[in-house]
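Okay, structure first, notes after.
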Amino acid sequence: MDTLSYKTVSGNKETADKKWLLVDAEGQTLGRLASKVAKLIRGKHKPNFTPHADCGDNVIVINAEKIVLSGNKWSDKTYIRHTGYPGGQRSLTAEELMAKRPIRMVEMAVKGMLPKNKLGRQLYRNLIVVEGAEHKHEAQKPANFDLESFK
């Protein structure tokens, strides 16, 4: 019996079949959108998923300004940052952040669902969020991805 046929193949950056996917955020709930996009970036939807390697896809999220928040989150949810100086804590509500930088809400939600290590920082670079339906990555021929059919 050939015992080599039982070896588990571990994927790596070179063997990963990376694709470009286009996701439309219009009408999507922020958290549900972010968790699905994080799975795509991580590569958990692929049969050759390897936890320690970047084997996920590159994802372009369009219409970031048209996301939906449930309940009173537009006024209650706060985004806190710190300038680095004493007393430099700043906060914005979701409504204020959406008016100022709508892309940032999707970026922060997806980044929070990626691993907090070197791999997570590398995976975050595979995310591109744009305002509106136009993006500058047409040369990569991104395939439209339907989030409704994805768990």
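Letters A, B, ... mark the chains of the structure tokens in the order given; residue numbers begin at 1 per chain; ligand numbers begin at 1, in order shown.
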Please identify every residue of region 20-117 of chain A that has at least one atom no farther than 9 Å from an atom of region 125-136 of chain A, counting only C-alpha atoms, and for each give the shortest atom pair and the distance in Å to one decimal, arranged by chain then increasing number, as a Markdown table.
| residue | atom | partner | partner_atom | distance |
| --- | --- | --- | --- | --- |
| A:Asp24 | CA | A:Ala133 | CA | 8.2 |
| A:Val37 | CA | A:Leu127 | CA | 8.6 |
| A:Ala38 | CA | A:Leu127 | CA | 8.9 |
| A:Ile41 | CA | A:Asn126 | CA | 6.6 |
| A:Gly56 | CA | A:Asn126 | CA | 8.5 |
| A:Asp57 | CA | A:Asn126 | CA | 7.2 |
| A:Asn58 | CA | A:Asn126 | CA | 4.7 |
| A:Val59 | CA | A:Leu127 | CA | 5.2 |
| A:Ile60 | CA | A:Ile128 | CA | 4.7 |
| A:Val61 | CA | A:Val129 | CA | 4.7 |
| A:Ile62 | CA | A:Val130 | CA | 5.1 |
| A:Asn63 | CA | A:Gly132 | CA | 4.4 |
| A:Ala64 | CA | A:Glu131 | CA | 5.3 |
| A:Glu65 | CA | A:Glu131 | CA | 6.0 |
| A:Lys66 | CA | A:Gly132 | CA | 8.6 |
| A:Pro102 | CA | A:Glu131 | CA | 7.4 |
| A:Ile103 | CA | A:Val129 | CA | 6.1 |
| A:Arg104 | CA | A:Val129 | CA | 8.5 |
| A:Val106 | CA | A:Val129 | CA | 7.4 |
| A:Glu107 | CA | A:Val129 | CA | 7.0 |
| A:Val110 | CA | A:Leu127 | CA | 8.6 |
Emit the selected residues as a tab-separated table (two decimals), in the first residue's frame, including C-alpha atoms.
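Contents of selection28.tsv, as written:
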chain	number	residue	atom	x	y	z
A	24	ASP	CA	-21.53	45.02	-3.60
A	37	VAL	CA	-15.65	39.42	3.44
A	38	ALA	CA	-13.21	38.38	6.20
A	41	ILE	CA	-9.93	37.28	2.46
A	56	GLY	CA	-7.51	33.82	0.42
A	57	ASP	CA	-8.77	36.04	-2.36
A	58	ASN	CA	-8.44	39.74	-3.07
A	59	VAL	CA	-11.78	41.44	-2.40
A	60	ILE	CA	-13.06	44.76	-3.74
A	61	VAL	CA	-16.05	46.17	-1.84
A	62	ILE	CA	-18.05	48.76	-3.77
A	63	ASN	CA	-20.85	51.09	-2.59
A	64	ALA	CA	-19.44	51.27	0.95
A	65	GLU	CA	-21.54	54.34	1.70
A	66	LYS	CA	-24.77	52.34	1.24
A	102	PRO	CA	-17.76	56.00	4.85
A	103	ILE	CA	-15.02	53.65	3.63
A	104	ARG	CA	-13.51	53.53	7.13
A	106	VAL	CA	-16.24	48.76	6.39
A	107	GLU	CA	-12.44	48.67	6.70
A	110	VAL	CA	-13.36	43.65	8.41
Taking 6 positions as the minimum chain separation for residues in the same chain, which residues sit within 6 Å of region 85-101 of chain A when counting only C-alpha atoms? Answer as a ChimeraX atom specification. /A:74-75,77-79
Selection export as a tab-separated table (two decimals), in the first residue's frame, atoms kept: N, CA and C atoms:
chain	number	residue	atom	x	y	z
A	74	TRP	N	-26.78	53.87	14.46
A	74	TRP	CA	-26.30	55.08	13.81
A	74	TRP	C	-25.97	56.16	14.83
A	75	SER	N	-26.73	56.22	15.92
A	75	SER	CA	-26.47	57.25	16.93
A	75	SER	C	-25.74	56.70	18.16
A	77	LYS	N	-23.58	53.71	18.32
A	77	LYS	CA	-22.28	53.08	18.10
A	77	LYS	C	-21.20	54.16	18.00
A	78	THR	N	-20.13	54.01	18.77
A	78	THR	CA	-19.05	54.99	18.74
A	78	THR	C	-17.75	54.35	18.26
A	79	TYR	N	-16.99	55.10	17.51
A	79	TYR	CA	-15.67	54.69	17.04
A	79	TYR	C	-14.65	55.54	17.78
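Candidate residues A:Ala109, A:Ala16, A:Leu147, A:Leu21 were compared for distance to Lys46 (chain A), and the nearest is A:Ala16, using only C-alpha atoms.
Minimum atom-to-atom distances from A:Asp17, A:Asp54, A:Glu26, A:Glu138 to Gly120 (chain A) were compared using only C-alpha atoms, and the lowest value belongs to A:Asp54.
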Pairwise distance for CA of Glu14 (chain A) and CA of Gln122 (chain A), rounded to one decimal in Å: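 Calculated distance between CA of Glu14 (chain A) and CA of Gln122 (chain A) is 14.8 Å.
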Kindly indicate which residue among A:Gly71, A:Gly11, A:Gly84, A:Gly43 lies nearest to Thr29 (chain A), using only C-alpha atoms for the distances.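 Distance minimum relative to Thr29 (chain A) lands on A:Gly71.
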Based on the backbone DSSP call, show me all residues of chain A assigned alpha helix (DSSP H), as JSON, numbers by chain. {"A": [30, 31, 32, 33, 34, 35, 36, 37, 38, 39, 40, 41, 42, 73, 74, 75, 76, 94, 95, 96, 97, 98, 99, 100, 102, 103, 104, 105, 106, 107, 108, 109, 110, 111, 118, 119, 120, 121, 122, 123, 124]}
Residue selection dump (N, CA and C atoms) as a compact mmCIF listing (two decimals), in the first residue's frame:
# COMPACT_ATOMS: atom_id res chain seq x y z
N LEU A 30 -23.75 45.85 8.09
CA LEU A 30 -22.30 46.00 8.23
C LEU A 30 -21.61 44.77 8.79
N GLY A 31 -22.07 44.25 9.91
CA GLY A 31 -21.40 43.11 10.55
C GLY A 31 -21.45 41.84 9.72
N ARG A 32 -22.60 41.57 9.11
CA ARG A 32 -22.74 40.37 8.29
C ARG A 32 -21.88 40.47 7.04
N LEU A 33 -21.83 41.65 6.45
CA LEU A 33 -20.97 41.89 5.29
C LEU A 33 -19.51 41.67 5.68
N ALA A 34 -19.11 42.25 6.81
CA ALA A 34 -17.70 42.18 7.23
C ALA A 34 -17.28 40.74 7.53
N SER A 35 -18.14 39.95 8.15
CA SER A 35 -17.75 38.57 8.47
C SER A 35 -17.59 37.73 7.21
N LYS A 36 -18.45 37.95 6.23
CA LYS A 36 -18.34 37.20 4.98
C LYS A 36 -17.11 37.63 4.18
N VAL A 37 -16.83 38.92 4.15
CA VAL A 37 -15.65 39.42 3.44
C VAL A 37 -14.38 38.92 4.13
N ALA A 38 -14.38 38.88 5.46
CA ALA A 38 -13.21 38.38 6.20
C ALA A 38 -12.95 36.91 5.88
N LYS A 39 -14.02 36.12 5.73
CA LYS A 39 -13.85 34.71 5.35
C LYS A 39 -13.25 34.59 3.96
N LEU A 40 -13.69 35.45 3.04
CA LEU A 40 -13.15 35.41 1.68
C LEU A 40 -11.67 35.79 1.66
N ILE A 41 -11.32 36.83 2.41
CA ILE A 41 -9.93 37.28 2.46
C ILE A 41 -9.04 36.22 3.11
N ARG A 42 -9.56 35.56 4.13
CA ARG A 42 -8.81 34.54 4.86
C ARG A 42 -8.66 33.27 4.04
N LYS A 73 -27.99 51.95 16.09
CA LYS A 73 -26.53 51.98 16.01
C LYS A 73 -26.00 53.23 15.33
N TRP A 74 -26.78 53.87 14.46
CA TRP A 74 -26.30 55.08 13.81
C TRP A 74 -25.97 56.16 14.83
N SER A 75 -26.73 56.22 15.92
CA SER A 75 -26.47 57.25 16.93
C SER A 75 -25.74 56.70 18.16
N ASP A 76 -25.87 55.40 18.45
CA ASP A 76 -25.30 54.83 19.68
C ASP A 76 -23.89 54.26 19.49
N ALA A 94 -21.37 56.55 14.63
CA ALA A 94 -21.39 55.93 13.30
C ALA A 94 -21.91 56.91 12.25
N GLU A 95 -22.87 57.73 12.64
CA GLU A 95 -23.44 58.71 11.72
C GLU A 95 -22.39 59.75 11.31
N GLU A 96 -21.59 60.22 12.26
CA GLU A 96 -20.56 61.20 11.98
C GLU A 96 -19.45 60.61 11.12
N LEU A 97 -19.06 59.35 11.43
CA LEU A 97 -18.01 58.70 10.65
C LEU A 97 -18.48 58.43 9.22
N MET A 98 -19.75 58.08 9.05
CA MET A 98 -20.29 57.84 7.72
C MET A 98 -20.28 59.13 6.89
N ALA A 99 -20.57 60.25 7.53
CA ALA A 99 -20.55 61.52 6.82
C ALA A 99 -19.12 61.93 6.46
N LYS A 100 -18.17 61.58 7.33
CA LYS A 100 -16.78 62.00 7.14
C LYS A 100 -16.01 61.05 6.22
N PRO A 102 -16.94 57.21 4.86
CA PRO A 102 -17.76 56.00 4.85
C PRO A 102 -16.96 54.72 4.60
N ILE A 103 -15.84 54.82 3.92
CA ILE A 103 -15.02 53.65 3.63
C ILE A 103 -14.47 53.05 4.93
N ARG A 104 -14.16 53.92 5.89
CA ARG A 104 -13.51 53.53 7.13
C ARG A 104 -14.35 52.55 7.95
N MET A 105 -15.69 52.67 7.90
CA MET A 105 -16.54 51.78 8.69
C MET A 105 -16.39 50.33 8.23
N VAL A 106 -16.39 50.11 6.92
CA VAL A 106 -16.24 48.76 6.39
C VAL A 106 -14.83 48.24 6.66
N GLU A 107 -13.83 49.09 6.46
CA GLU A 107 -12.44 48.67 6.70
C GLU A 107 -12.23 48.23 8.14
N MET A 108 -12.74 49.03 9.09
CA MET A 108 -12.54 48.71 10.50
C MET A 108 -13.29 47.45 10.90
N ALA A 109 -14.48 47.24 10.35
CA ALA A 109 -15.27 46.06 10.67
C ALA A 109 -14.57 44.79 10.17
N VAL A 110 -14.05 44.83 8.95
CA VAL A 110 -13.36 43.65 8.41
C VAL A 110 -12.05 43.42 9.12
N LYS A 111 -11.30 44.48 9.40
CA LYS A 111 -10.01 44.34 10.08
C LYS A 111 -10.17 43.72 11.46
N LYS A 118 0.90 39.07 12.38
CA LYS A 118 1.52 39.43 11.11
C LYS A 118 0.67 38.97 9.93
N LEU A 119 0.09 37.79 10.05
CA LEU A 119 -0.73 37.27 8.96
C LEU A 119 -1.97 38.14 8.76
N GLY A 120 -2.58 38.58 9.85
CA GLY A 120 -3.76 39.43 9.75
C GLY A 120 -3.46 40.75 9.08
N ARG A 121 -2.29 41.33 9.38
CA ARG A 121 -1.90 42.58 8.74
C ARG A 121 -1.63 42.38 7.25
N GLN A 122 -1.09 41.23 6.91
CA GLN A 122 -0.83 40.91 5.50
C GLN A 122 -2.15 40.66 4.76
N LEU A 123 -3.09 39.98 5.40
CA LEU A 123 -4.38 39.69 4.78
C LEU A 123 -5.19 40.97 4.57
N TYR A 124 -5.05 41.92 5.49
CA TYR A 124 -5.80 43.18 5.39
C TYR A 124 -5.44 43.94 4.12
Could you jot down the CA of Leu22 (chain A) to CA of Asn48 (chain A) separation for me, Å, one decimal place?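 Here the two named atoms are 21.4 Å from each other.
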Residues of region 18-114 of chain A in strand (DSSP E) according to DSSP, as a ChimeraX atom specification? /A:20-24,58-62,78-82,89-93
Calculated over only C-alpha atoms, which of the candidates A:His45, A:Val9, A:Lys18, A:Arg81 has the smallest distance to Phe150 (chain A)? A:His45
